Structure formats: C-alpha cells, structure tokens
>>> print(open('model-v9.cif').read())   # mmCIF, C-alpha atoms and all ligand atoms
data_model
#
loop_
_atom_site.label_atom_id
_atom_site.label_comp_id
_atom_site.auth_asym_id
_atom_site.auth_seq_id
_atom_site.Cartn_x
_atom_site.Cartn_y
_atom_site.Cartn_z
CA MET A 1 61.03 108.17 78.86
CA THR A 2 59.80 104.73 77.83
CA LYS A 3 62.80 104.48 75.55
CA ALA A 4 65.16 105.20 78.41
CA LEU A 5 63.33 102.66 80.56
CA THR A 6 63.55 99.93 77.91
CA LEU A 7 67.22 100.68 77.50
CA ALA A 8 67.78 100.47 81.26
CA LEU A 9 65.85 97.20 81.43
CA SER A 10 67.72 95.67 78.53
CA LEU A 11 70.99 96.62 80.17
CA LEU A 12 69.89 94.73 83.25
CA SER A 13 68.95 91.59 81.36
CA ALA A 14 71.34 88.67 81.38
CA PRO A 15 72.39 88.45 77.71
CA ALA A 16 73.39 92.09 77.65
CA TRP A 17 75.51 91.51 80.71
CA ALA A 18 77.20 88.48 79.18
CA ASP A 19 78.81 90.77 76.60
CA TRP A 20 79.62 93.23 79.29
CA GLN A 21 81.48 90.99 81.66
CA ILE A 22 83.79 93.15 83.69
CA ASN A 23 84.21 90.88 86.68
CA MET A 24 87.00 88.37 87.01
CA ASN A 25 86.61 84.92 85.45
CA LYS A 26 85.52 81.99 87.60
CA GLY A 27 87.87 79.85 85.56
CA VAL A 28 88.00 76.10 85.08
CA THR A 29 90.12 74.82 87.97
CA ALA A 30 89.50 74.35 91.68
CA LEU A 31 92.20 76.91 92.36
CA SER A 32 90.77 79.49 89.97
CA ARG A 33 87.41 79.17 91.72
CA GLU A 34 89.12 79.55 95.08
CA ILE A 35 90.79 82.73 93.82
CA PHE A 36 87.47 83.96 92.44
CA ASP A 37 85.70 83.32 95.74
CA LEU A 38 88.44 85.11 97.65
CA HIS A 39 88.16 88.02 95.25
CA MET A 40 84.39 88.22 95.74
CA LEU A 41 84.71 87.94 99.52
CA ILE A 42 87.17 90.82 99.69
CA PHE A 43 85.09 92.75 97.16
CA TRP A 44 81.94 92.51 99.29
CA ILE A 45 83.84 93.44 102.45
CA CYS A 46 85.05 96.55 100.62
CA VAL A 47 81.52 97.29 99.42
CA VAL A 48 80.10 97.07 102.94
CA ILE A 49 82.86 99.26 104.35
CA GLY A 50 82.47 101.73 101.49
CA VAL A 51 78.72 101.99 101.96
CA ALA A 52 79.08 102.41 105.73
CA VAL A 53 81.84 105.03 105.59
CA PHE A 54 80.40 107.06 102.73
CA GLY A 55 76.88 106.64 104.16
CA VAL A 56 77.91 108.21 107.45
CA MET A 57 79.89 110.87 105.63
CA PHE A 58 77.15 111.90 103.20
CA TYR A 59 74.51 111.74 105.92
CA SER A 60 76.59 114.06 108.12
CA ILE A 61 77.27 116.46 105.29
CA PHE A 62 73.56 116.63 104.52
CA LYS A 63 72.18 116.63 108.05
CA PHE A 64 74.61 119.16 109.49
CA ARG A 65 74.78 121.54 106.57
CA LYS A 66 75.51 125.19 107.10
CA SER A 67 72.16 126.39 105.75
CA LYS A 68 70.52 124.56 108.66
CA GLY A 69 72.64 126.56 111.02
CA ALA A 70 75.17 123.89 111.86
CA VAL A 71 78.22 125.22 113.67
CA SER A 72 81.47 123.28 113.66
CA GLU A 73 82.81 122.07 116.94
CA HIS A 74 86.41 122.62 117.89
CA TRP A 75 88.13 119.84 119.72
CA HIS A 76 91.52 118.26 119.43
CA GLU A 77 91.18 114.58 120.02
CA ASN A 78 89.06 111.69 121.17
CA THR A 79 91.28 108.85 122.19
CA THR A 80 88.44 106.33 122.41
CA VAL A 81 87.24 107.00 118.87
CA GLU A 82 90.79 106.93 117.57
CA VAL A 83 91.50 103.59 119.23
CA VAL A 84 88.25 102.19 117.82
CA TRP A 85 89.02 103.31 114.27
CA THR A 86 92.49 101.85 114.54
CA VAL A 87 91.54 98.54 116.09
CA ILE A 88 88.53 97.74 113.88
CA PRO A 89 90.41 98.10 110.56
CA SER A 90 93.27 96.04 112.01
CA ILE A 91 90.88 93.26 112.88
CA ILE A 92 89.30 93.44 109.41
CA LEU A 93 92.72 93.34 107.73
CA ILE A 94 93.82 90.34 109.78
CA ALA A 95 90.51 88.59 109.09
CA MET A 96 91.04 89.15 105.36
CA ALA A 97 94.66 88.01 105.54
CA ILE A 98 93.64 84.56 106.77
CA PRO A 99 91.74 83.36 103.66
CA ALA A 100 94.12 85.32 101.42
CA THR A 101 97.17 83.57 102.89
CA ALA A 102 95.48 80.18 102.56
CA THR A 103 94.78 80.84 98.86
CA LEU A 104 98.30 82.15 98.23
CA MET A 105 99.75 79.03 99.80
CA ASP A 106 97.72 76.90 97.40
CA MET A 107 98.82 79.02 94.45
CA TYR A 108 102.49 78.59 95.33
CA ASP A 109 102.29 74.89 96.07
CA THR A 110 103.89 73.49 92.92
CA SER A 111 104.93 70.25 94.62
CA GLU A 112 104.03 66.76 93.39
CA ALA A 113 103.34 67.73 89.82
CA ASP A 114 102.56 64.99 87.28
CA VAL A 115 103.82 66.92 84.26
CA GLU A 116 106.46 69.64 84.17
CA ILE A 117 106.73 72.09 81.34
CA GLN A 118 109.18 74.92 80.82
CA VAL A 119 107.52 77.93 79.21
CA THR A 120 109.90 80.43 77.59
CA GLY A 121 108.87 83.77 76.14
CA TYR A 122 110.57 84.89 72.93
CA GLN A 123 110.00 87.96 70.78
CA TRP A 124 107.24 87.06 69.80
CA LYS A 125 106.30 83.50 70.41
CA TRP A 126 106.25 80.95 73.20
CA ARG A 127 108.41 77.87 73.55
CA TYR A 128 107.18 74.80 75.41
CA GLN A 129 109.62 72.17 76.67
CA TYR A 130 108.27 69.07 78.38
CA LEU A 131 110.87 68.22 80.99
CA ASP A 132 109.99 64.53 81.27
CA GLU A 133 109.39 63.90 77.60
CA ASP A 134 111.64 64.75 74.70
CA ILE A 135 109.16 67.35 73.48
CA ASP A 136 110.22 70.89 72.66
CA TYR A 137 108.48 73.22 70.25
CA PHE A 138 107.54 76.80 69.49
CA SER A 139 104.03 78.16 69.40
CA ASN A 140 103.49 80.92 66.82
CA LEU A 141 100.53 83.12 66.00
CA ALA A 142 98.34 81.43 63.37
CA THR A 143 95.93 84.23 62.51
CA PRO A 144 96.10 84.80 58.74
CA ARG A 145 97.85 88.02 57.75
CA GLU A 146 94.86 89.07 55.62
CA GLU A 147 92.75 89.30 58.77
CA ILE A 148 95.35 91.46 60.47
CA THR A 149 95.57 93.83 57.52
CA ASN A 150 91.74 94.03 57.22
CA GLU A 151 91.73 92.28 53.86
CA ALA A 152 89.61 89.48 55.29
CA SER A 153 87.01 89.54 58.04
CA LYS A 154 88.25 88.57 61.47
CA ASN A 155 87.39 85.17 62.96
CA PRO A 156 86.16 84.86 66.56
CA ASN A 157 89.60 83.75 67.75
CA TYR A 158 91.37 86.57 65.98
CA LEU A 159 94.92 86.91 67.43
CA LEU A 160 94.09 84.13 69.89
CA GLU A 161 95.14 81.19 67.73
CA VAL A 162 98.50 79.46 67.30
CA ASP A 163 100.05 76.80 65.09
CA ASN A 164 101.15 74.52 67.95
CA PRO A 165 99.13 74.90 71.14
CA LEU A 166 100.43 73.81 74.50
CA VAL A 167 98.93 70.38 75.19
CA ILE A 168 98.32 69.18 78.74
CA PRO A 169 96.36 66.30 80.28
CA ALA A 170 93.11 66.91 82.18
CA ASN A 171 92.95 66.13 85.89
CA LYS A 172 96.72 66.07 86.27
CA LYS A 173 98.77 68.60 88.13
CA VAL A 174 100.87 70.43 85.56
CA ARG A 175 103.73 72.58 86.79
CA PHE A 176 104.97 75.47 84.67
CA LEU A 177 108.51 76.85 84.91
CA ILE A 178 108.21 80.22 83.29
CA THR A 179 111.13 82.24 81.93
CA ALA A 180 112.11 84.34 78.92
CA ASN A 181 114.88 84.44 76.35
CA ASP A 182 115.09 88.13 75.45
CA VAL A 183 112.89 90.63 77.27
CA ILE A 184 110.24 90.32 79.96
CA HIS A 185 107.04 88.63 78.82
CA SER A 186 104.16 87.35 80.91
CA TRP A 187 102.26 84.11 80.44
CA TRP A 188 98.56 84.53 81.09
CA VAL A 189 95.60 82.18 80.78
CA PRO A 190 92.59 83.83 82.47
CA HIS A 191 90.59 80.61 82.81
CA PHE A 192 93.45 79.01 84.76
CA ALA A 193 93.93 82.07 86.97
CA VAL A 194 97.59 81.86 85.97
CA LYS A 195 99.47 85.05 85.13
CA LYS A 196 103.21 84.94 85.67
CA ASP A 197 105.98 87.17 84.49
CA ALA A 198 108.50 85.48 82.21
CA ILE A 199 111.83 87.10 83.05
CA PRO A 200 115.20 86.35 81.42
CA GLY A 201 117.47 84.66 83.96
CA PHE A 202 114.69 83.90 86.41
CA ILE A 203 112.32 80.97 86.68
CA ASN A 204 108.85 81.63 88.03
CA GLU A 205 106.62 78.74 88.90
CA SER A 206 102.94 78.16 88.59
CA TRP A 207 100.64 75.19 88.26
CA VAL A 208 97.28 74.12 87.00
CA LYS A 209 94.95 71.14 87.26
CA VAL A 210 92.18 71.46 84.70
CA GLU A 211 89.10 69.29 85.10
CA GLU A 212 87.52 69.51 81.66
CA PRO A 213 89.25 68.91 78.32
CA GLY A 214 88.94 71.92 76.06
CA VAL A 215 90.80 74.79 74.47
CA TYR A 216 91.74 77.74 76.66
CA ARG A 217 93.20 80.97 75.34
CA GLY A 218 95.36 83.71 76.78
CA GLN A 219 97.92 86.29 75.84
CA CYS A 220 101.32 87.72 76.61
CA THR A 221 100.54 90.35 79.19
CA GLU A 222 103.79 92.24 79.55
CA LEU A 223 104.57 94.80 76.87
CA CYS A 224 107.47 93.14 75.05
CA GLY A 225 107.98 94.98 71.79
CA LYS A 226 106.47 95.38 68.37
CA ASP A 227 104.46 92.14 68.22
CA HIS A 228 103.47 91.92 71.87
CA GLY A 229 99.84 91.64 70.81
CA PHE A 230 100.68 88.84 68.39
CA MET A 231 102.00 86.12 70.68
CA PRO A 232 98.90 84.49 72.16
CA VAL A 233 98.79 81.48 74.43
CA VAL A 234 96.59 78.55 73.48
CA VAL A 235 96.31 75.54 75.76
CA GLU A 236 94.63 72.37 74.62
CA VAL A 237 93.57 70.21 77.55
CA LYS A 238 93.18 66.59 76.48
CA SER A 239 91.82 63.54 78.31
CA GLU A 240 94.53 61.32 79.77
CA SER A 241 94.39 58.81 76.90
CA ASP A 242 94.28 61.51 74.20
CA TYR A 243 97.26 63.14 75.86
CA GLN A 244 99.27 59.91 75.78
CA GLN A 245 98.36 59.52 72.13
CA TRP A 246 99.57 63.07 71.47
CA VAL A 247 102.86 62.38 73.24
CA SER A 248 103.54 59.34 71.10
CA ASP A 249 102.50 61.24 67.97
CA GLN A 250 105.05 63.92 68.86
CA ARG A 251 107.75 61.25 69.15
CA ALA A 252 106.83 59.79 65.78
CA MET A 253 106.88 63.25 64.25
CA LYS A 254 110.32 63.91 65.62
CA LEU A 255 111.61 60.70 64.06
CA ALA A 256 109.99 61.57 60.75
CA MET A 257 111.58 65.01 60.88
CA ALA A 258 115.01 63.56 61.52
CA GLY A 259 114.45 61.38 58.44
CA GLU A 260 113.39 64.40 56.36
CA ALA A 261 116.56 66.25 57.23
CA SER A 262 118.70 63.76 55.31
CA LYS A 263 116.51 63.89 52.22
CA GLU A 264 117.43 65.83 49.08
CA PHE A 265 114.90 68.52 48.17
CA SER A 266 114.24 70.22 44.86
CA MET A 267 114.33 73.99 44.50
CA ASP A 268 110.54 74.18 44.15
CA GLU A 269 109.97 72.11 47.27
CA LEU A 270 112.30 74.28 49.31
CA VAL A 271 110.85 77.56 48.04
CA ALA A 272 107.28 76.40 48.69
CA LYS A 273 108.14 75.26 52.19
CA GLY A 274 110.27 78.33 52.80
CA GLU A 275 107.40 80.67 52.08
CA GLY A 276 105.41 79.20 54.98
CA VAL A 277 108.40 79.40 57.32
CA TYR A 278 109.13 82.98 56.25
CA ASN A 279 105.59 84.10 56.88
CA THR A 280 105.38 82.68 60.39
CA ALA A 281 108.95 83.24 61.59
CA CYS A 282 110.41 86.17 59.67
CA ALA A 283 107.70 88.34 58.12
CA GLY A 284 106.92 90.02 61.45
CA CYS A 285 110.19 91.93 61.12
CA HIS A 286 111.33 91.64 57.51
CA GLN A 287 107.73 92.12 56.28
CA PRO A 288 105.74 89.79 54.01
CA ASN A 289 107.05 91.47 50.87
CA GLY A 290 110.67 91.34 52.05
CA GLN A 291 111.04 95.13 52.19
CA GLY A 292 111.77 95.25 55.92
CA ILE A 293 111.18 98.40 57.94
CA PRO A 294 113.87 100.98 57.17
CA GLY A 295 115.89 101.84 60.23
CA ALA A 296 114.71 98.80 62.19
CA PHE A 297 114.65 95.63 60.09
CA PRO A 298 116.69 95.35 56.89
CA ALA A 299 115.07 94.40 53.60
CA ILE A 300 115.65 90.86 52.35
CA THR A 301 115.00 91.99 48.79
CA GLY A 302 118.40 92.95 47.43
CA SER A 303 120.12 92.29 50.78
CA THR A 304 123.86 91.73 50.39
CA ILE A 305 123.67 88.78 52.76
CA ALA A 306 120.62 87.17 51.16
CA THR A 307 122.12 87.57 47.71
CA GLY A 308 125.74 86.97 48.71
CA ALA A 309 127.64 83.89 49.91
CA ILE A 310 125.17 81.24 50.99
CA ASP A 311 127.20 80.20 54.07
CA ALA A 312 126.96 83.67 55.58
CA HIS A 313 123.25 83.72 54.83
CA VAL A 314 122.74 80.39 56.59
CA ASP A 315 124.92 81.53 59.47
CA ILE A 316 122.97 84.68 60.30
CA ILE A 317 119.77 82.62 60.51
CA VAL A 318 121.27 79.72 62.48
CA ASN A 319 123.22 81.86 64.93
CA GLY A 320 121.50 85.22 64.67
CA LYS A 321 123.40 88.45 65.13
CA PRO A 322 124.11 89.03 68.81
CA GLY A 323 123.00 92.38 70.12
CA THR A 324 120.33 92.84 67.47
CA ALA A 325 116.75 91.67 67.10
CA MET A 326 117.98 89.08 64.60
CA GLN A 327 117.86 86.06 66.88
CA ALA A 328 119.45 82.63 66.52
CA PHE A 329 116.89 80.39 64.86
CA LYS A 330 118.72 77.07 65.34
CA GLU A 331 116.52 76.09 68.26
CA GLN A 332 113.32 77.34 66.73
CA LEU A 333 113.54 75.93 63.24
CA SER A 334 114.42 72.47 61.99
CA ALA A 335 117.23 71.99 59.50
CA VAL A 336 114.59 71.54 56.80
CA ASP A 337 112.91 74.82 57.76
CA ILE A 338 116.21 76.69 57.73
CA ALA A 339 117.23 75.26 54.36
CA ALA A 340 113.80 76.12 53.02
CA VAL A 341 113.74 79.70 54.29
CA VAL A 342 117.27 80.40 53.04
CA THR A 343 116.39 79.05 49.61
CA TYR A 344 113.15 81.03 49.64
CA GLN A 345 114.85 84.30 50.53
CA ARG A 346 117.44 83.81 47.78
CA ASN A 347 114.90 82.96 45.10
CA ALA A 348 111.79 84.92 45.97
CA LEU A 349 110.89 88.31 47.46
CA GLY A 350 112.45 89.87 44.39
CA ASN A 351 115.74 87.95 44.67
CA SER A 352 116.87 85.39 42.10
CA VAL A 353 120.27 84.08 43.08
CA GLY A 354 119.40 80.64 41.71
CA ASP A 355 121.18 78.46 44.29
CA LEU A 356 119.80 76.37 47.12
CA VAL A 357 120.93 74.69 50.30
CA GLN A 358 120.05 71.17 51.45
CA PRO A 359 119.00 70.47 55.06
CA ASN A 360 121.75 67.88 55.52
CA THR A 361 124.44 70.52 55.10
CA ILE A 362 122.87 72.60 57.84
CA GLN A 363 122.76 69.89 60.45
CA ASN A 364 126.47 69.88 61.09
CA MET B 365 114.12 107.57 135.70
CA ILE B 366 112.52 104.14 135.10
CA GLY B 367 109.13 105.76 135.19
CA LYS B 368 110.18 108.36 132.63
CA CYS B 369 111.61 105.71 130.31
CA PHE B 370 108.41 103.73 130.62
CA LYS B 371 106.37 106.78 129.74
CA ALA B 372 108.58 107.35 126.68
CA LEU B 373 108.06 103.75 125.60
CA VAL B 374 104.30 104.12 125.96
CA SER B 375 104.44 107.26 123.82
CA VAL B 376 106.41 105.41 121.16
CA ILE B 377 103.87 102.58 121.15
CA CYS B 378 101.13 105.20 120.79
CA ALA B 379 103.03 106.65 117.85
CA PHE B 380 103.18 103.19 116.24
CA ILE B 381 99.40 102.93 116.18
CA GLY B 382 98.99 106.64 115.54
CA VAL B 383 96.91 107.58 118.56
CA GLN B 384 98.16 110.11 121.10
CA SER B 385 96.65 112.82 123.34
CA ALA B 386 97.66 116.46 123.43
CA LYS B 387 98.24 116.23 127.18
CA ASN B 388 100.83 113.47 126.81
CA LEU B 389 102.47 115.26 123.94
CA ARG B 390 102.95 118.37 126.03
CA TYR B 391 104.32 116.30 128.88
CA ASP B 392 106.78 114.50 126.57
CA PHE B 393 108.05 117.75 125.10
CA GLU B 394 108.52 119.33 128.50
CA HIS B 395 110.02 116.43 130.42
CA GLY B 396 111.26 113.89 127.89
CA ARG B 397 114.72 113.53 126.35
CA ALA B 398 115.20 112.94 122.65
CA THR B 399 117.72 110.08 123.06
CA VAL B 400 115.31 108.14 125.22
CA PHE B 401 112.66 108.38 122.51
CA ALA B 402 115.15 107.41 119.82
CA ILE B 403 116.23 104.30 121.74
CA ALA B 404 112.61 103.39 122.53
CA GLY B 405 111.79 103.83 118.84
CA ILE B 406 114.60 101.52 117.73
CA LEU B 407 113.59 98.92 120.34
CA MET B 408 109.99 99.05 119.19
CA THR B 409 111.04 98.67 115.55
CA ILE B 410 113.08 95.58 116.41
CA THR B 411 110.21 94.17 118.46
CA PHE B 412 107.78 94.84 115.61
CA LEU B 413 109.97 93.08 113.05
CA ALA B 414 110.49 90.14 115.43
CA ALA B 415 106.74 89.92 115.95
CA ILE B 416 106.05 89.84 112.19
CA TYR B 417 108.78 87.25 111.71
CA GLY B 418 107.38 85.13 114.55
CA LEU B 419 103.84 85.42 113.20
CA VAL B 420 104.95 84.21 109.77
CA GLN B 421 106.77 81.28 111.42
CA VAL B 422 103.63 80.32 113.32
CA VAL B 423 101.53 80.49 110.15
CA MET B 424 104.09 78.39 108.31
CA MET B 425 103.95 75.74 111.03
CA TYR B 426 100.34 75.16 110.12
CA VAL B 427 101.26 74.54 106.53
CA GLN B 428 102.38 71.01 105.78
CA TYR B 429 104.02 71.73 102.47
CA TRP B 430 106.43 74.53 101.68
CA GLY B 431 109.51 72.89 103.21
CU CU C 1 105.62 88.96 75.11
#
>>> encode(input="model-v9.cif", output="structure tokens")
Amino acid sequence: MTKALTLALSLLSAPAWADWQINMNKGVTALSREIFDLHMLIFWICVVIGVAVFGVMFYSIFKFRKSKGAVSEHWHENTTVEVVWTVIPSIILIAMAIPATATLMDMYDTSEADVEIQVTGYQWKWRYQYLDEDIDYFSNLATPREEITNEASKNPNYLLEVDNPLVIPANKKVRFLITANDVIHSWWVPHFAVKKDAIPGFINESWVKVEEPGVYRGQCTELCGKDHGFMPVVVEVKSESDYQQWVSDQRAMKLAMAGEASKEFSMDELVAKGEGVYNTACAGCHQPNGQGIPGAFPAITGSTIATGAIDAHVDIIVNGKPGTAMQAFKEQLSAVDIAAVVTYQRNALGNSVGDLVQPNTIQN
Amino acid sequence: MIGKCFKALVSVICAFIGVQSAKNLRYDFEHGRATVFAIAGILMTITFLAAIYGLVQVVMMYVQYWG
C-alpha cells in the first residue's frame, strides 16, 4: 500500500512528468505559443463538455437503474430540447472558430519575410537554398554508423544531428518554401510549430521568427522510404551578427571550393576523401562494405560499372539512372566529392582498378 | 399553394438542422409533393453555400493581409 502510494506520488512530482511530456510543445516563437494557447483553450472546452455530458449520462445511468425500479418512458420527440442541443453546440463551434481562424491567418501570413529559404526533401536528406544569397547545400545525417549498429553507445542527439544544419537569424521573419524532389516528405520542427508536407511539384509555405539563438531539432515526418528515420532537421538560430558572419563564411567557402576543383589530387587524397563522401551519401543504399542489398541496391564491390570504363562510372553518379533510386548527384556533391567517391569506389570496397579521376575533368 | 410551398421550405430548413416533429412529418407525407421538396432542398443548398461564402468574405474583410 505504502509502495503504491509512493509510486503514485512520485508520478505526480514534476521531474517524473518532465520525462513524460505528452502535451504539445510551447515552442520558442510567438506564433508557436499562440498555437499552444489555442490548443489548450480548445482542450479545456472539450474537457468541460466531456465532463458535463458524461457526468449527466453516468448520473442518469446510476440514478435511474433498473434495480431501483426505473421504467423507461416512451416518447417520440421534444422539439425544445432538440433545438437547444443543436443551437448550443453551434454557438460553441462558432466561438471556437473565431480564435482558431485568427491563429490560422497568422500561420499563413508569410508576407514581408526578411530571409527566404527553399527547403527540398530528398531521399534521405534535406536541401536548403537561400533565395537571396548564393547559398545552397545539403544537410545529411551525422550520427556515426557505430551508434546506429549498436557498436557504440548512443549520444543524446542520436539521429537528430546533421553535418550542415539550416542556419537562420534570430528575430527575423524567415519564410520557408517547402517542396520535394522524389517522394513526399514533411519538414517538422516541433519548437517552431512548423510541420509542412514537402510534395514534389508543389510549394508549401511556412514561416518562423525565433527569438532566442539556439539549436532546434526536428525530423522528416512523412514516411518516405528506407531511411525516413535518418533524415533529421537541425536548425541553428544565430544572432544577427553571427548570421552575417556565417553568410560571408559560406561565400568564402564556395570560392575556396571552386579553387579546389581545379587542383590535381593524388590517389591517396581522393580515396581518403571519397571514403567520407561514400559513407554519408552512398552507404545508406550500397552499404558501408559495398555489398549493397541484393534485389534493391547493387553491390559496388565487383560492379561492372565501378570496375569498368571510368566515364560510365562518373556518369551514373553525376546524372543518376532515371527511374531508379540511383539519383543524380551533380547538385548534391561538388566536383571534388564526385571525383573522390568515384576513385574510392574503384580502389576500395574490394575493388582495385588502379585508376583515378580528377575533379577538373568532371566540371565540364 | 404558396402556403404549401412555404410549409415545405420550413420542413427543409428543419431537415438542415436535424430537428422535426412527427406531426409535421405526417402532414408532409400526406399533403406534400416530392418535387416541391426537391426544389426547396436545392434552393436551401444554394442559400447555405452562398451564406458560407459570404461569411468567409466578411471575415476576410477584417484581415488586412492576405490580398
Ligand atoms: Cu523524408
């Protein structure tokens, strides 16, 4: 008895509840709090109605039970009661529609944005394109494979970490244009109260204005294939000045990358670089050991393409193979990355063709 | 005739909100004509849609943004 009581008490205490959060997030934006408040308002209205309706029902069942000699009455209608139970719910529904409409209007008001970013879902990664800046990159899962295969213990952000997070400025209205490249995905960041389907051929809009710099995490929330659970969303909100710094860093990086592409690389450099590219961009399908998944994804080890003419090998990576899961990587990978991954596939994973390709031959 | 049509319309409105008495139902089945009810039903549907459309327009007028 005391045990049960202690258990009940500990369940009621705050820390226990923190782990057991089942309610919606308050979030970190004015709009997310507005949505939260609307949700709670409607929730409490439903609670009151539920208690009242079920209260009357259970009371009647108990009070007028057969064992007490209750006899049912037979009558067909009561127009007054029927009008009352039609009019009252109508009034309640209209009363709820007013704040709900106001909130929806705010959610859909994407006008006067300071920053505009196109978000595109791919199998299985996100692409972020800043429409006013020349910034365009992919955001891949960064959780180490050993954690996924239970060879290492999982970190607190397991499957919620990426190589290149989306970066946005704090206290600025950021508009998202959300779409997809292959199948339907959905871009979701709970703390922003933003969850929008990313549909090929359509552009859905959403917006956010985050007050506090910080890192906010979300996930793809539309079942999109094998690695649906492995394409998280990470948003880094930076102060205005940090954001500007980041933008100029991105520009500098782009210039540096263009410079790299004309450099000559050694075989070892390419293979080392290619291993990293392979593990983030290719291993999901062709598997870390290059064996593929029979029937779905061909093996790279011993592949006729990966051990055959190098031009065809480059081509299938640059342009993909239409109609299959082998997508065109020309937009996702730099010339250096493509040269590196081609060289890696030809000279590792059990292959030893012995040739290499330089980034400058891939550019054109 | 006008009176009968009016009664049919009232019955259709009652049907829209789902409240009707057995007395009226009997009357409608004994004296009413199906076509009259069908026409009244179509008219009410059009009126209902127009009312929803108008309501949305009024709400939109109170919203500065959204074109
Ligand atoms: Cu997805």
>>> atom_distance(input="model-v9.cif", atom1="atom CA of Gln219 of chain A", atom2="atom CA of Met105 of chain A")
25.1 Å
>>> closest_residue(input="model-v9.cif", among="B:Ile377, B:Ile403, B:Val423, B:Ile416", to="chain A", atoms="all atoms listed in the file")
B:Val423
>>> atom_distance(input="model-v9.cif", atom1="atom CA of Thr409 of chain B", atom2="atom CA of Ala372 of chain B")
14.3 Å
>>> closest_residue(input="model-v9.cif", among="B:Val420, B:Ile406, B:Ala414, B:Val400", to="chain A", atoms="only C-alpha atoms")
B:Val420
>>> closest_residue(input="model-v9.cif", among="A:Ser334, A:Asn351, A:Thr29, A:Thr103", to="chain B", atoms="all atoms listed in the file")
A:Thr103
>>> axis_aligned_box(input="model-v9.cif", around="segment 344-360 of chain A", padding_each_side="5 Å", output="JSON")
{"center_x": 116.3, "center_y": 78.9, "center_z": 48.6, "size_x": 20.9, "size_y": 32.0, "size_z": 23.8}
>>> residues_around(input="model-v9.cif", residues="segment 286-291 of chain A", least_positions_apart="6", cutoff="9 Å", atoms="all atoms listed in the file", output="PyMOL selection string")
chain A and resi 145+278-279+297-301+345+348-350
>>> residues_around(input="model-v9.cif", residues="Val277 of chain A", least_positions_apart="5", cutoff="12 Å", atoms="all atoms listed in the file", output="list in words")
Asn140, Ala142, Asp163, Leu270, Val271, Ala272, Cys282, Ala283, Gly284, Pro288, Phe329, Gln332, Leu333, Ser334, Ala335, Val336, Asp337, Ile338, Ala339, Ala340, Val341, Val342, Thr343, Tyr344 and Gln345 of chain A
>>> residues_near_ligand(input="model-v9.cif", ligand="ligand CU 1 (chain C)", cutoff="6 Å", atoms="only C-alpha atoms and all ligand atoms", output="PDB file with C-alpha atoms, in the coordinates of the input")
ATOM      1  CA  TRP A 124     107.240  87.060  69.800  1.00  0.00           C
ATOM      2  CA  HIS A 185     107.040  88.630  78.820  1.00  0.00           C
ATOM      3  CA  CYS A 220     101.320  87.720  76.610  1.00  0.00           C
ATOM      4  CA  GLU A 222     103.790  92.240  79.550  1.00  0.00           C
ATOM      5  CA  CYS A 224     107.470  93.140  75.050  1.00  0.00           C
ATOM      6  CA  HIS A 228     103.470  91.920  71.870  1.00  0.00           C
TER       7      HIS A 228
END
>>> residues_around(input="model-v9.cif", residues="segment 192-201 of chain A", least_positions_apart="4", cutoff="9 Å", atoms="all atoms listed in the file", output="PyMOL selection string")
chain A and resi 25-29+31-33+35-36+119-121+178-188+205-210+216+221-222
>>> interface_residues(input="model-v9.cif", of="chain A", to="chain B", cutoff="8 Å", atoms="all atoms listed in the file", output="PyMOL selection string")
chain A and resi 76-79+82-83+86+109
>>> atom_distance(input="model-v9.cif", atom1="atom CA of Val215 of chain A", atom2="atom CA of Val237 of chain A")
6.2 Å
>>> closest_residue(input="model-v9.cif", among="B:Tyr426, B:Gly405, B:Ser375, B:Thr411", to="Phe393 of chain B", atoms="only C-alpha atoms")
B:Ser375
>>> build_atoms(input="model-v9.cif", residues="segment 387-392 of chain B", atoms="all heavy atoms", output="compact mmCIF listing (two decimals), keeping the file's coordinate frame")
# COMPACT_ATOMS: atom_id res chain seq x y z
N LYS B 387 97.70 116.10 125.82
CA LYS B 387 98.24 116.23 127.18
C LYS B 387 99.58 115.50 127.28
O LYS B 387 100.58 116.05 127.74
CB LYS B 387 97.23 115.65 128.18
CG LYS B 387 97.47 116.09 129.62
CD LYS B 387 96.34 115.60 130.51
CE LYS B 387 96.81 114.44 131.34
NZ LYS B 387 96.17 113.18 131.19
N ASN B 388 99.59 114.25 126.78
CA ASN B 388 100.83 113.47 126.81
C ASN B 388 101.91 114.11 125.96
O ASN B 388 103.08 114.09 126.32
CB ASN B 388 100.58 112.04 126.33
CG ASN B 388 99.97 111.20 127.43
OD1 ASN B 388 100.04 111.58 128.61
ND2 ASN B 388 99.34 110.10 127.05
N LEU B 389 101.50 114.63 124.83
CA LEU B 389 102.47 115.26 123.94
C LEU B 389 103.16 116.42 124.65
O LEU B 389 104.38 116.54 124.62
CB LEU B 389 101.76 115.75 122.68
CG LEU B 389 102.65 116.47 121.67
CD1 LEU B 389 102.39 115.93 120.27
CD2 LEU B 389 102.46 117.96 121.69
N ARG B 390 102.36 117.24 125.31
CA ARG B 390 102.95 118.37 126.03
C ARG B 390 103.91 117.88 127.10
O ARG B 390 105.03 118.36 127.23
CB ARG B 390 101.84 119.23 126.66
CG ARG B 390 101.54 120.50 125.87
CD ARG B 390 100.70 121.49 126.65
NE ARG B 390 99.54 120.90 127.29
CZ ARG B 390 98.38 120.63 126.66
NH1 ARG B 390 98.25 120.91 125.38
NH2 ARG B 390 97.38 120.09 127.32
N TYR B 391 103.47 116.85 127.83
CA TYR B 391 104.32 116.30 128.88
C TYR B 391 105.65 115.83 128.30
O TYR B 391 106.73 116.15 128.79
CB TYR B 391 103.60 115.14 129.59
CG TYR B 391 104.46 114.49 130.65
CD1 TYR B 391 104.44 114.94 131.97
CD2 TYR B 391 105.32 113.44 130.32
CE1 TYR B 391 105.25 114.37 132.94
CE2 TYR B 391 106.13 112.86 131.28
CZ TYR B 391 106.10 113.33 132.58
OH TYR B 391 106.89 112.76 133.54
N ASP B 392 105.56 115.05 127.18
CA ASP B 392 106.78 114.50 126.57
C ASP B 392 107.73 115.61 126.14
O ASP B 392 108.94 115.52 126.32
CB ASP B 392 106.42 113.65 125.35
CG ASP B 392 105.85 112.30 125.78
OD1 ASP B 392 106.04 111.93 126.96
OD2 ASP B 392 105.20 111.64 124.94
